[in-house]
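Just query_34.txt here, compact mmCIF, C-alpha atoms:
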```
# COMPACT_ATOMS: atom_id res chain seq x y z
CA MET X 24 5.74 -8.60 6.39
CA PRO X 25 2.50 -8.46 4.36
CA HIS X 26 0.27 -5.46 4.93
CA PRO X 27 -3.28 -4.65 3.86
CA TYR X 28 -3.86 -2.43 0.85
CA VAL X 29 -4.07 1.00 2.53
CA LEU X 30 -6.51 3.50 1.02
CA LEU X 31 -6.50 7.04 2.41
CA SER X 32 -9.82 8.87 2.06
CA ALA X 33 -10.41 12.56 2.75
CA ALA X 34 -12.34 15.62 1.65
CA VAL X 35 -10.69 19.05 1.73
CA SER X 36 -11.43 22.66 0.94
CA LEU X 37 -9.74 24.39 -1.98
CA ASP X 38 -7.12 25.71 0.44
CA GLY X 39 -6.39 22.27 1.92
CA TYR X 40 -8.38 22.22 5.16
CA LEU X 41 -10.30 19.27 6.62
CA ASP X 42 -12.57 21.42 8.74
CA ASP X 43 -12.99 24.89 10.16
CA THR X 44 -12.84 25.91 13.83
CA GLY X 45 -16.58 26.23 14.35
CA PRO X 46 -18.54 24.08 16.83
CA GLU X 47 -20.18 22.02 14.08
CA ARG X 48 -18.43 19.72 11.62
CA LEU X 49 -17.87 21.44 8.25
CA LEU X 50 -19.53 19.33 5.57
CA LEU X 51 -17.20 19.27 2.60
CA SER X 52 -18.64 16.37 0.58
CA SER X 53 -21.84 16.42 -1.43
CA PRO X 54 -24.72 13.99 -0.77
CA ALA X 55 -23.69 11.90 -3.77
CA ASP X 56 -20.12 11.75 -2.50
CA PHE X 57 -21.26 10.63 0.95
CA ASP X 58 -22.96 7.75 -0.85
CA ARG X 59 -19.73 7.01 -2.72
CA VAL X 60 -17.86 6.88 0.59
CA ASP X 61 -20.50 4.49 1.90
CA GLU X 62 -19.85 2.28 -1.14
CA VAL X 63 -16.11 2.31 -0.48
CA ARG X 64 -16.69 1.46 3.17
CA ALA X 65 -18.79 -1.52 2.13
CA SER X 66 -15.94 -2.76 -0.09
CA VAL X 67 -13.20 -2.91 2.57
CA ASP X 68 -12.37 -5.21 5.45
CA ALA X 69 -11.64 -2.46 7.97
CA ILE X 70 -11.98 1.30 8.47
CA LEU X 71 -9.47 3.23 10.58
CA ILE X 72 -9.65 6.65 12.21
CA GLY X 73 -7.46 8.34 14.77
CA ALA X 74 -8.34 9.06 18.37
CA GLY X 75 -8.58 12.78 17.57
CA THR X 76 -11.35 12.08 15.08
CA VAL X 77 -13.19 9.93 17.63
CA ARG X 78 -13.02 12.79 20.14
CA ALA X 79 -13.82 15.65 17.75
CA ASP X 80 -16.53 14.09 15.56
CA ASN X 81 -17.92 11.23 17.66
CA PRO X 82 -18.55 9.23 14.44
CA ARG X 83 -20.46 5.98 14.14
CA LEU X 84 -18.40 4.93 11.11
CA LEU X 85 -21.01 2.64 9.57
CA VAL X 86 -22.07 1.29 6.21
CA ASN X 87 -25.41 3.08 5.97
CA SER X 88 -26.94 1.34 2.97
CA PRO X 89 -29.02 -1.73 3.94
CA GLU X 90 -28.47 -3.13 0.45
CA ARG X 91 -24.70 -2.90 0.78
CA ARG X 92 -24.77 -4.50 4.21
CA ALA X 93 -26.94 -7.30 2.84
CA ALA X 94 -24.49 -7.81 -0.04
CA ARG X 95 -21.63 -8.14 2.46
CA THR X 96 -23.56 -10.71 4.45
CA ALA X 97 -24.47 -12.65 1.30
CA ALA X 98 -20.76 -12.77 0.41
CA GLY X 99 -19.96 -14.31 3.79
CA LEU X 100 -18.57 -11.09 5.26
CA PRO X 101 -19.54 -9.37 8.51
CA GLU X 102 -22.36 -6.87 8.07
CA TYR X 103 -19.96 -4.04 8.93
CA PRO X 104 -16.20 -3.74 8.36
CA LEU X 105 -13.94 -3.95 11.39
CA LYS X 106 -13.65 -0.51 13.03
CA VAL X 107 -10.12 0.48 14.05
CA THR X 108 -8.77 3.41 16.00
CA VAL X 109 -5.30 4.37 17.20
CA SER X 110 -4.40 6.16 20.42
CA GLY X 111 -1.05 6.41 22.12
CA SER X 112 -2.60 7.37 25.45
CA GLY X 113 -5.63 5.06 25.40
CA ASP X 114 -7.60 7.94 26.88
CA LEU X 115 -10.93 7.76 25.03
CA ASP X 116 -14.52 8.29 26.06
CA PRO X 117 -16.18 4.93 26.82
CA ALA X 118 -19.54 6.45 25.80
CA ALA X 119 -18.40 7.45 22.29
CA GLN X 120 -20.62 6.18 19.47
CA PHE X 121 -17.62 4.48 17.87
CA TRP X 122 -17.72 1.69 20.47
CA HIS X 123 -21.48 1.14 20.50
CA THR X 124 -22.45 0.97 16.83
CA GLY X 125 -21.56 -1.40 14.01
CA GLY X 126 -19.64 -4.63 14.39
CA GLU X 127 -16.24 -5.49 15.85
CA LYS X 128 -13.80 -2.83 17.03
CA VAL X 129 -10.11 -2.77 17.83
CA LEU X 130 -7.92 -0.16 19.51
CA TYR X 131 -4.18 -0.09 18.80
CA THR X 132 -2.21 1.65 21.48
CA THR X 133 1.00 1.62 23.52
CA ASP X 134 1.68 -0.59 26.52
CA LYS X 135 0.79 2.25 28.89
CA GLY X 136 -2.20 3.22 26.76
CA ALA X 137 -3.50 -0.35 26.97
CA GLU X 138 -3.54 -0.13 30.76
CA ARG X 139 -5.60 3.06 30.65
CA ALA X 140 -7.97 1.77 27.96
CA ARG X 141 -8.70 -1.40 29.91
CA ALA X 142 -9.22 0.57 33.10
CA LEU X 143 -11.78 2.72 31.27
CA GLY X 144 -13.65 -0.39 30.15
CA LEU X 145 -13.70 0.50 26.46
CA ALA X 146 -15.93 -1.85 24.48
CA THR X 147 -13.15 -2.99 22.16
CA ASP X 148 -10.29 -5.38 21.65
CA VAL X 149 -7.18 -3.57 22.94
CA VAL X 150 -3.88 -4.36 21.18
CA PRO X 151 -0.68 -2.88 22.68
CA LEU X 152 2.15 -2.29 20.18
CA GLY X 153 4.97 -1.64 22.65
CA ALA X 154 6.41 1.53 24.11
CA ASP X 155 5.49 3.50 20.98
CA LEU X 156 2.97 3.25 18.17
CA ASP X 157 4.45 1.33 15.25
CA TRP X 158 2.50 1.56 11.98
CA ARG X 159 4.22 -1.36 10.31
CA ARG X 160 3.54 -3.60 13.28
CA LEU X 161 -0.06 -2.38 13.37
CA LEU X 162 -0.62 -3.13 9.69
CA THR X 163 1.02 -6.55 9.98
CA HIS X 164 -1.26 -7.40 12.91
CA LEU X 165 -4.33 -6.31 10.95
CA HIS X 166 -3.24 -8.48 8.02
CA ASP X 167 -2.05 -11.60 9.84
CA VAL X 168 -4.33 -11.71 12.88
CA ARG X 169 -7.45 -9.90 11.73
CA GLY X 170 -7.37 -11.00 8.09
CA VAL X 171 -7.65 -7.45 6.76
CA ARG X 172 -6.72 -7.20 3.08
CA ARG X 173 -8.17 -3.74 2.31
CA LEU X 174 -8.02 -0.96 4.87
CA MET X 175 -9.77 2.39 4.44
CA VAL X 176 -8.26 5.24 6.49
CA GLU X 177 -10.55 8.20 7.10
CA GLY X 178 -8.20 10.36 9.14
CA GLY X 179 -7.35 12.58 10.64
CA GLY X 180 -4.61 14.60 9.06
CA LEU X 181 -1.83 13.39 11.36
CA ILE X 182 -2.52 9.76 10.51
CA HIS X 183 -2.69 10.50 6.79
CA THR X 184 0.63 12.34 7.05
CA GLN X 185 2.31 9.52 8.97
CA LEU X 186 1.17 6.80 6.58
CA LEU X 187 2.27 8.78 3.51
CA THR X 188 5.65 9.84 4.90
CA GLN X 189 6.37 6.25 5.95
CA GLY X 190 5.47 4.99 2.47
CA LEU X 191 2.59 2.85 3.73
CA ALA X 192 -0.31 4.32 1.73
CA ASP X 193 -1.19 2.48 -1.49
CA GLU X 194 -3.83 4.94 -2.67
CA LEU X 195 -5.14 8.41 -1.90
CA GLN X 196 -8.78 9.23 -2.62
CA LEU X 197 -9.08 12.99 -2.31
CA VAL X 198 -12.30 14.96 -2.73
CA LEU X 199 -11.91 18.68 -3.43
CA ALA X 200 -14.78 20.87 -2.21
CA PRO X 201 -15.55 24.27 -3.81
CA LEU X 202 -15.01 26.46 -0.75
CA PHE X 203 -12.28 28.12 1.28
CA VAL X 204 -11.64 27.96 5.02
CA GLY X 205 -8.78 30.44 5.38
CA ASP X 206 -8.28 29.87 9.11
CA SER X 207 -4.71 29.02 10.10
CA GLU X 208 -5.99 27.38 13.28
CA ALA X 209 -8.16 24.90 11.35
CA PRO X 210 -6.91 21.33 10.74
CA ARG X 211 -5.14 20.64 7.48
CA LEU X 212 -5.07 17.34 5.64
CA PHE X 213 -1.29 17.02 5.43
CA GLY X 214 1.37 18.41 7.73
CA PRO X 215 5.11 18.83 7.26
CA GLY X 216 7.20 15.68 6.99
CA GLY X 217 9.66 13.65 4.99
CA TYR X 218 7.47 12.76 2.04
CA GLN X 219 8.83 10.53 -0.70
CA SER X 220 10.16 12.20 -3.81
CA GLY X 221 8.47 12.15 -7.18
CA ARG X 222 4.97 12.70 -8.49
CA LEU X 223 2.02 10.53 -7.61
CA ARG X 224 0.25 8.78 -10.47
CA LEU X 225 -3.26 10.03 -11.20
CA LEU X 226 -5.61 7.04 -11.47
CA GLU X 227 -8.96 8.78 -11.85
CA THR X 228 -10.79 12.08 -11.74
CA ARG X 229 -14.56 12.21 -11.37
CA ARG X 230 -17.07 15.03 -10.95
CA ILE X 231 -19.61 14.22 -8.23
CA GLU X 232 -22.18 17.02 -8.07
CA ASP X 233 -20.12 20.09 -7.08
CA VAL X 234 -17.03 18.23 -5.77
CA VAL X 235 -14.23 16.45 -7.64
CA LEU X 236 -12.80 13.05 -6.70
CA MET X 237 -9.14 12.47 -7.49
CA ARG X 238 -7.46 9.10 -6.99
CA TYR X 239 -3.68 8.89 -6.79
CA GLU X 240 -1.08 6.20 -6.07
CA PRO X 241 2.54 6.72 -5.01
CA THR X 242 5.21 5.67 -7.52
CA ALA X 243 8.57 6.33 -5.84
CA PRO X 244 10.45 3.17 -4.77
CA GLY X 245 11.76 2.69 -1.27
CA THR X 246 15.35 3.53 -0.41
CA GLY X 247 16.37 0.72 1.92
CA PRO X 248 15.38 -2.68 3.32
CA LEU X 249 11.86 -1.65 4.32
CA PRO X 250 9.36 -1.86 1.45
CA VAL X 251 7.00 0.99 0.66
CA ALA X 252 3.62 0.89 -1.06
CA ALA X 253 5.08 1.71 -4.47
CA ASP X 254 7.34 -1.35 -4.22
CA HIS X 255 4.18 -3.47 -4.16
CA HIS X 256 2.86 -1.75 -7.28
CA TRP X 257 6.05 -2.22 -9.30
CA LEU X 258 6.66 -5.81 -8.21
CA GLY X 259 3.05 -6.58 -9.09
CA LEU X 260 3.75 -5.20 -12.56
CA ALA X 261 6.82 -7.42 -12.86
CA CYS X 262 4.64 -10.43 -12.03
CA GLU X 263 2.17 -9.36 -14.73
CA LEU X 264 5.02 -9.20 -17.24
CA ALA X 265 6.11 -12.70 -16.25
CA ALA X 266 2.68 -13.95 -17.28
CA GLN X 267 3.31 -12.56 -20.79
CA CYS X 268 6.39 -14.71 -21.42
CA PRO X 269 6.29 -17.29 -24.22
CA PRO X 270 6.17 -20.64 -22.38
CA SER X 271 9.34 -22.71 -22.05
CA ASP X 272 10.22 -26.08 -20.56
CA THR X 273 13.85 -25.13 -20.05
CA ALA X 274 13.71 -21.65 -18.49
CA PHE X 275 11.71 -19.59 -16.04
CA SER X 276 9.13 -16.99 -17.04
CA VAL X 277 10.18 -13.75 -15.36
CA GLY X 278 9.20 -10.08 -15.58
CA ALA X 279 11.34 -7.08 -14.65
CA VAL X 280 10.92 -3.31 -14.34
CA VAL X 281 13.58 -0.62 -13.80
CA VAL X 282 12.27 2.39 -11.87
CA ALA X 283 14.07 5.65 -11.06
CA ALA X 284 14.07 7.10 -7.55
CA ASP X 285 11.35 9.60 -8.44
CA GLY X 286 9.01 6.84 -9.65
CA THR X 287 9.71 7.19 -13.37
CA GLU X 288 9.67 3.87 -15.17
CA LEU X 289 12.93 3.59 -17.10
CA ALA X 290 12.37 0.21 -18.78
CA ARG X 291 10.62 -3.11 -18.56
CA GLY X 292 11.24 -6.57 -19.99
CA HIS X 293 10.33 -10.23 -19.76
CA SER X 294 11.90 -13.58 -20.51
CA ARG X 295 12.21 -14.55 -24.20
CA GLU X 296 11.05 -11.09 -25.23
CA GLY X 297 11.18 -10.21 -28.91
CA GLY X 298 11.57 -13.80 -30.00
CA ASP X 299 14.97 -14.23 -28.34
CA PRO X 300 14.73 -17.71 -26.77
CA VAL X 301 17.43 -17.10 -24.15
CA VAL X 302 17.05 -13.46 -23.11
CA HIS X 303 16.28 -12.93 -19.41
CA ALA X 304 13.85 -10.35 -18.05
CA GLU X 305 16.39 -8.14 -16.28
CA GLU X 306 18.68 -8.35 -19.30
CA ALA X 307 15.87 -7.31 -21.64
CA ALA X 308 14.91 -4.37 -19.42
CA LEU X 309 18.44 -3.07 -18.81
CA ALA X 310 19.21 -3.28 -22.54
CA LYS X 311 16.58 -0.58 -23.08
CA THR X 312 18.24 1.88 -20.68
CA ASP X 313 21.07 4.28 -21.46
CA PRO X 314 24.17 3.06 -19.57
CA ALA X 315 25.11 6.71 -19.03
CA ASP X 316 21.76 7.58 -17.46
CA PRO X 317 22.61 8.98 -13.99
CA ARG X 318 19.22 7.83 -12.72
CA LEU X 319 20.36 4.20 -12.75
CA ALA X 320 22.46 4.76 -9.62
CA GLY X 321 19.32 5.55 -7.63
CA ALA X 322 17.03 3.14 -9.44
CA THR X 323 15.38 -0.05 -8.24
CA VAL X 324 15.10 -3.20 -10.34
CA TYR X 325 11.93 -5.19 -9.70
CA SER X 326 12.12 -8.81 -10.77
CA SER X 327 9.51 -11.51 -10.20
CA LEU X 328 12.36 -14.02 -9.69
CA GLU X 329 15.69 -13.50 -8.00
CA PRO X 330 18.21 -12.34 -10.64
CA CYS X 331 20.39 -15.21 -11.79
CA ALA X 332 23.94 -15.66 -10.50
CA ARG X 333 25.02 -18.18 -13.16
CA ARG X 334 23.77 -19.00 -16.65
CA ALA X 335 24.93 -21.00 -19.67
CA SER X 336 23.23 -19.00 -22.43
CA ARG X 337 25.07 -15.69 -21.98
CA PRO X 338 28.49 -14.65 -20.64
CA ALA X 339 27.07 -12.39 -17.92
CA PRO X 340 24.31 -13.39 -15.49
CA CYS X 341 21.63 -10.87 -14.57
CA ALA X 342 23.11 -10.16 -11.15
CA ARG X 343 26.31 -9.02 -12.88
CA LEU X 344 24.36 -6.92 -15.39
CA ILE X 345 22.61 -5.15 -12.53
CA LEU X 346 25.89 -4.48 -10.75
CA ASP X 347 27.50 -3.20 -13.95
CA ALA X 348 24.55 -0.86 -14.53
CA GLY X 349 25.20 0.76 -11.15
CA VAL X 350 21.81 -0.15 -9.68
CA ARG X 351 21.94 -0.51 -5.92
CA ARG X 352 18.50 -1.82 -4.98
CA VAL X 353 16.58 -4.90 -6.14
CA VAL X 354 13.10 -6.03 -5.10
CA THR X 355 12.06 -9.59 -5.88
CA ALA X 356 9.27 -12.00 -5.06
CA TRP X 357 10.84 -15.42 -5.23
CA ARG X 358 14.28 -16.92 -4.55
CA GLU X 359 15.49 -19.02 -7.49
CA PRO X 360 14.90 -22.75 -6.88
CA ASP X 361 17.37 -25.47 -7.96
CA THR X 362 15.30 -26.36 -11.03
CA PHE X 363 18.02 -25.47 -13.55
CA VAL X 364 20.96 -24.24 -11.45
CA ALA X 365 21.94 -25.83 -8.15
CA GLU X 366 22.34 -23.52 -5.17
CA ALA X 367 21.64 -20.37 -7.15
CA ASP X 368 22.25 -17.27 -5.07
CA GLY X 369 21.79 -14.14 -7.12
CA SER X 370 20.84 -12.25 -3.98
CA GLY X 371 24.17 -13.16 -2.42
CA VAL X 372 26.07 -11.93 -5.46
CA LEU X 373 24.12 -8.68 -5.44
CA ALA X 374 24.57 -8.15 -1.69
CA ALA X 375 28.29 -8.77 -1.97
CA GLY X 376 28.37 -6.04 -4.59
CA GLY X 377 26.65 -3.53 -2.31
CA VAL X 378 23.08 -3.95 -3.58
CA GLU X 379 20.14 -3.85 -1.17
CA VAL X 380 17.99 -6.91 -1.92
CA VAL X 381 14.39 -6.85 -0.67
CA VAL X 382 12.24 -10.00 -0.91
CA LEU X 383 8.45 -9.64 -0.75
CA PRO X 384 7.21 -13.21 -0.17
CA GLU X 385 3.56 -12.15 -0.45
CA PHE X 386 4.14 -11.97 -4.23
CA GLU X 387 5.74 -15.40 -4.47
CA GLU X 388 2.63 -17.25 -5.64
CA ARG X 389 2.03 -14.69 -8.37
CA ALA X 390 5.63 -15.07 -9.52
CA LYS X 391 5.35 -18.87 -9.52
CA ALA X 392 2.05 -18.97 -11.45
CA PRO X 393 3.50 -18.87 -15.01
CA ASN X 394 6.08 -21.47 -13.99
CA ARG X 395 3.78 -24.16 -12.60
CA HIS X 396 4.54 -26.49 -15.50
CA LEU X 397 8.24 -26.67 -14.67
CA PRO X 398 9.71 -29.54 -12.63
CA ARG X 399 10.29 -28.79 -8.97
```
Take the structure in this file and express it as C-alpha cells.
Amino acid sequence: MPHPYVLLSAAVSLDGYLDDTGPERLLLSSPADFDRVDEVRASVDAILIGAGTVRADNPRLLVNSPERRAARTAAGLPEYPLKVTVSGSGDLDPAAQFWHTGGEKVLYTTDKGAERARALGLATDVVPLGADLDWRRLLTHLHDVRGVRRLMVEGGGLIHTQLLTQGLADELQLVLAPLFVGDSEAPRLFGPGGYQSGRLRLLETRRIEDVVLMRYEPTAPGTGPLPVAADHHWLGLACELAAQCPPSDTAFSVGAVVVAADGTELARGHSREGGDPVVHAEEAALAKTDPADPRLAGATVYSSLEPCARRASRPAPCARLILDAGVRRVVTAWREPDTFVAEADGSGVLAAGGVEVVVLPEFEERAKAPNRHLPR
C-alpha cells in the first residue's frame, strides 16, 4: 500500500550519541541548524516522535517561524503539521506539552494501549493498530486516512532503527556535532538490527556553523513481496526513463533499471533506445549486463510496465529474457493493458518461473503518462 515519504532527522555527537545522561537535554545542533529543522518541519505534512521522546524531552514540536506558518496557511495547509506519536502501552502524561500546543495530534498504539490512552483522556485522536505496533499499517493509515505525503521523523533512536531495518525510511538527514559524549549509558541514534545491505547514497553535505548536515538515501532493493523505500526510488527512475522514449503509435514507452542486491545499478534502458525502433526497455537494459555476472541472481529489475509475455518483433519476450538472466525479483508499476496484446500476463510467466513480482500501483499514473496518446 502507498506510504508517505519518510524522512528521518537527527543530530548526533561524533561518537554517535543523541544525548548524554545529564538532567538537561544536550544541545547538539547549532542555532542555524535549529532554523533549518524548523524549515523542514514547515515543509512536511506530519512530524512523528516516539513516546520515549515525549516523556524525556516534553517537546512542543512546532513550526516556530511565523513567516513559515503564514506560508503554510497561504498554501491552504494547516498552520502546523500533524503531530504524531507512537506508544505500545498508551501510558503518556496527559499534561505533556505535545498535546496542548500546535494543531492536530494523533497517537498510534495497540488495542490495549488505546484503552489506557482513552482512560487517561489524552487530547489526541487515538488509533489502535492491533495487538502489536505495525509500522506498515501505521504509514498506510497516515497516507490514506490522514493524507500525509511527507513525514518527518525526529526520533528517538529505537524508532529510527525500526524504520531503517524494515526498509521504510526514504531519507536520512543526519547532523554531526563536534563533541563527544563517551557514556555507554547515553542513548545512541541506531541500535543493533537487521539493516539492509549495501551503502547508502550521499545526496548532500552542508556546513552549518560548526555542525555538518549529511543527507542519505537507501539504495538496496527489497528481498521479497514487501516493498522497501529503495524500491520506490528505483521504480521512480524507471518511470523517468520511460518519459525519455521516442514516441510511438505502435508500442509502449517503458523504462527499466537493473539493480544488484547491494544497491549498485547494473544497467538501465528504455524503449526504442539507440534508434532501434523495436527494442524494449528490459531488453535494452539486460543487454548491457554481463550474463556471467553473479550479481544478476540477486538483482531486481524495475520496469515501469509489466514485462511482456509475448511479442512479434523479437523471438524472446522480456519476461523470458529476465528468466534467462537469472533475475528472481521484478518491481513494476503497471500491468500491461490489451492495447497491443490481448490478455498479456508477463507477471504470470515470471511467477511461474520462480520470480517474485511486486506491483506498486502508486506509480501507475507516472508510468502511463508517456503513453497517454495510445488507444485504450
>> Counting all atoms listed in the file, which residue out of X:Ser66, X:Gln267, X:Ser53, X:Thr184 sits closest to Ile231 (chain X)?
In response: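 Closest to Ile231 (chain X), using all atoms listed in the file: X:Ser53.
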>> Show me, as a PyMOL selection string, the residues that have an atom within 9 Å of Arg351 (chain X) when counting only C-alpha atoms, minus same-chain residues fewer than 6 positions from it.
In response: chain X and resi 319-324+345+373+376-380
Next, dump the selected residues to file, keeping only C-alpha atoms, as a PDB file, in the coordinates of the input.
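Saved file selection09.pdb follows:
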```
ATOM      1  CA  LEU X 319      20.360   4.200 -12.750  1.00  0.00           C
ATOM      2  CA  ALA X 320      22.460   4.760  -9.620  1.00  0.00           C
ATOM      3  CA  GLY X 321      19.320   5.550  -7.630  1.00  0.00           C
ATOM      4  CA  ALA X 322      17.030   3.140  -9.440  1.00  0.00           C
ATOM      5  CA  THR X 323      15.380  -0.050  -8.240  1.00  0.00           C
ATOM      6  CA  VAL X 324      15.100  -3.200 -10.340  1.00  0.00           C
ATOM      7  CA  ILE X 345      22.610  -5.150 -12.530  1.00  0.00           C
ATOM      8  CA  LEU X 373      24.120  -8.680  -5.440  1.00  0.00           C
ATOM      9  CA  GLY X 376      28.370  -6.040  -4.590  1.00  0.00           C
ATOM     10  CA  GLY X 377      26.650  -3.530  -2.310  1.00  0.00           C
ATOM     11  CA  VAL X 378      23.080  -3.950  -3.580  1.00  0.00           C
ATOM     12  CA  GLU X 379      20.140  -3.850  -1.170  1.00  0.00           C
ATOM     13  CA  VAL X 380      17.990  -6.910  -1.920  1.00  0.00           C
TER      14      VAL X 380
END
```
>> With all atoms listed in the file as the counted atoms, please give the residues lying no more than 12 Å from Asn394 (chain X), apart from itself and same-chain residues fewer than 5 positions off, as a ChimeraX atom specification.
In response: /X:262,265-278,294,327-328,357,359-360,362,387-389,399
> Can you tell me, as an MDAnalysis selection string, which residues sit within 10 Å of (-13.1, 31.2, 2.0) in the file's frame, using only C-alpha atoms?
Replying inline: chainID X and resid 36:38 201:206
>> Show me the residues close to (-20.6, 14.3, 0.9) - anything with an atom within 12 Å, counting only C-alpha atoms - and format the list as JSON, numbers by chain.
In response: {"X": [33, 34, 35, 49, 50, 51, 52, 53, 54, 55, 56, 57, 58, 59, 60, 61, 198, 199, 200, 231, 232, 233, 234, 235, 236]}
Selection above as a file: C-alpha atoms, as a compact mmCIF listing (two decimals), in the frame of the given file:
```txt
# COMPACT_ATOMS: atom_id res chain seq x y z
CA ALA X 33 -10.41 12.56 2.75
CA ALA X 34 -12.34 15.62 1.65
CA VAL X 35 -10.69 19.05 1.73
CA LEU X 49 -17.87 21.44 8.25
CA LEU X 50 -19.53 19.33 5.57
CA LEU X 51 -17.20 19.27 2.60
CA SER X 52 -18.64 16.37 0.58
CA SER X 53 -21.84 16.42 -1.43
CA PRO X 54 -24.72 13.99 -0.77
CA ALA X 55 -23.69 11.90 -3.77
CA ASP X 56 -20.12 11.75 -2.50
CA PHE X 57 -21.26 10.63 0.95
CA ASP X 58 -22.96 7.75 -0.85
CA ARG X 59 -19.73 7.01 -2.72
CA VAL X 60 -17.86 6.88 0.59
CA ASP X 61 -20.50 4.49 1.90
CA VAL X 198 -12.30 14.96 -2.73
CA LEU X 199 -11.91 18.68 -3.43
CA ALA X 200 -14.78 20.87 -2.21
CA ILE X 231 -19.61 14.22 -8.23
CA GLU X 232 -22.18 17.02 -8.07
CA ASP X 233 -20.12 20.09 -7.08
CA VAL X 234 -17.03 18.23 -5.77
CA VAL X 235 -14.23 16.45 -7.64
CA LEU X 236 -12.80 13.05 -6.70
```
> For Ala310 (chain X), which of X:Glu329, X:Asp347, X:Asp285, X:Glu208 is the closest residue, counting only C-alpha atoms?
Replying inline: X:Asp347
>> Could you check the closest approach to Val176 (chain X) for each of X:Val29, X:Val109, X:Leu152, X:Ala284 and tell me which residue wins, using only C-alpha atoms?
In response: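 Of all the options, X:Val29 lies closest to Val176 (chain X).
Going from CA of Ala307 (chain X) to CA of Pro393 (chain X) covers 18.2 Å.
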>> To one decimal place in Å, what is the distance between CA of Ala279 (chain X) and CA of Arg295 (chain X)?
In response: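 Computing the Euclidean distance for CA of Ala279 (chain X) and CA of Arg295 (chain X) yields 12.2 Å.
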>> With distances taken over all atoms listed in the file, which residue among X:Arg64, X:His255, X:Lys311, X:His123 lies nearest Leu174 (chain X)?
In response: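 Looking only at the distances to Leu174 (chain X), the closest residue turns out to be X:Arg64.
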>> Nearest residue to Leu105 (chain X) out of X:Gln120, X:Thr132, X:Thr147, X:Gln219, using only C-alpha atoms?
In response: X:Thr147
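Distance-wise, CA of Met175 (chain X) and CA of Ala119 (chain X) end up 20.5 Å apart.
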>> Using only C-alpha atoms, can you tell me which of X:Ile182, X:Val171, X:Ala142, X:Arg224 comes closest to Leu156 (chain X)?
In response: X:Ile182
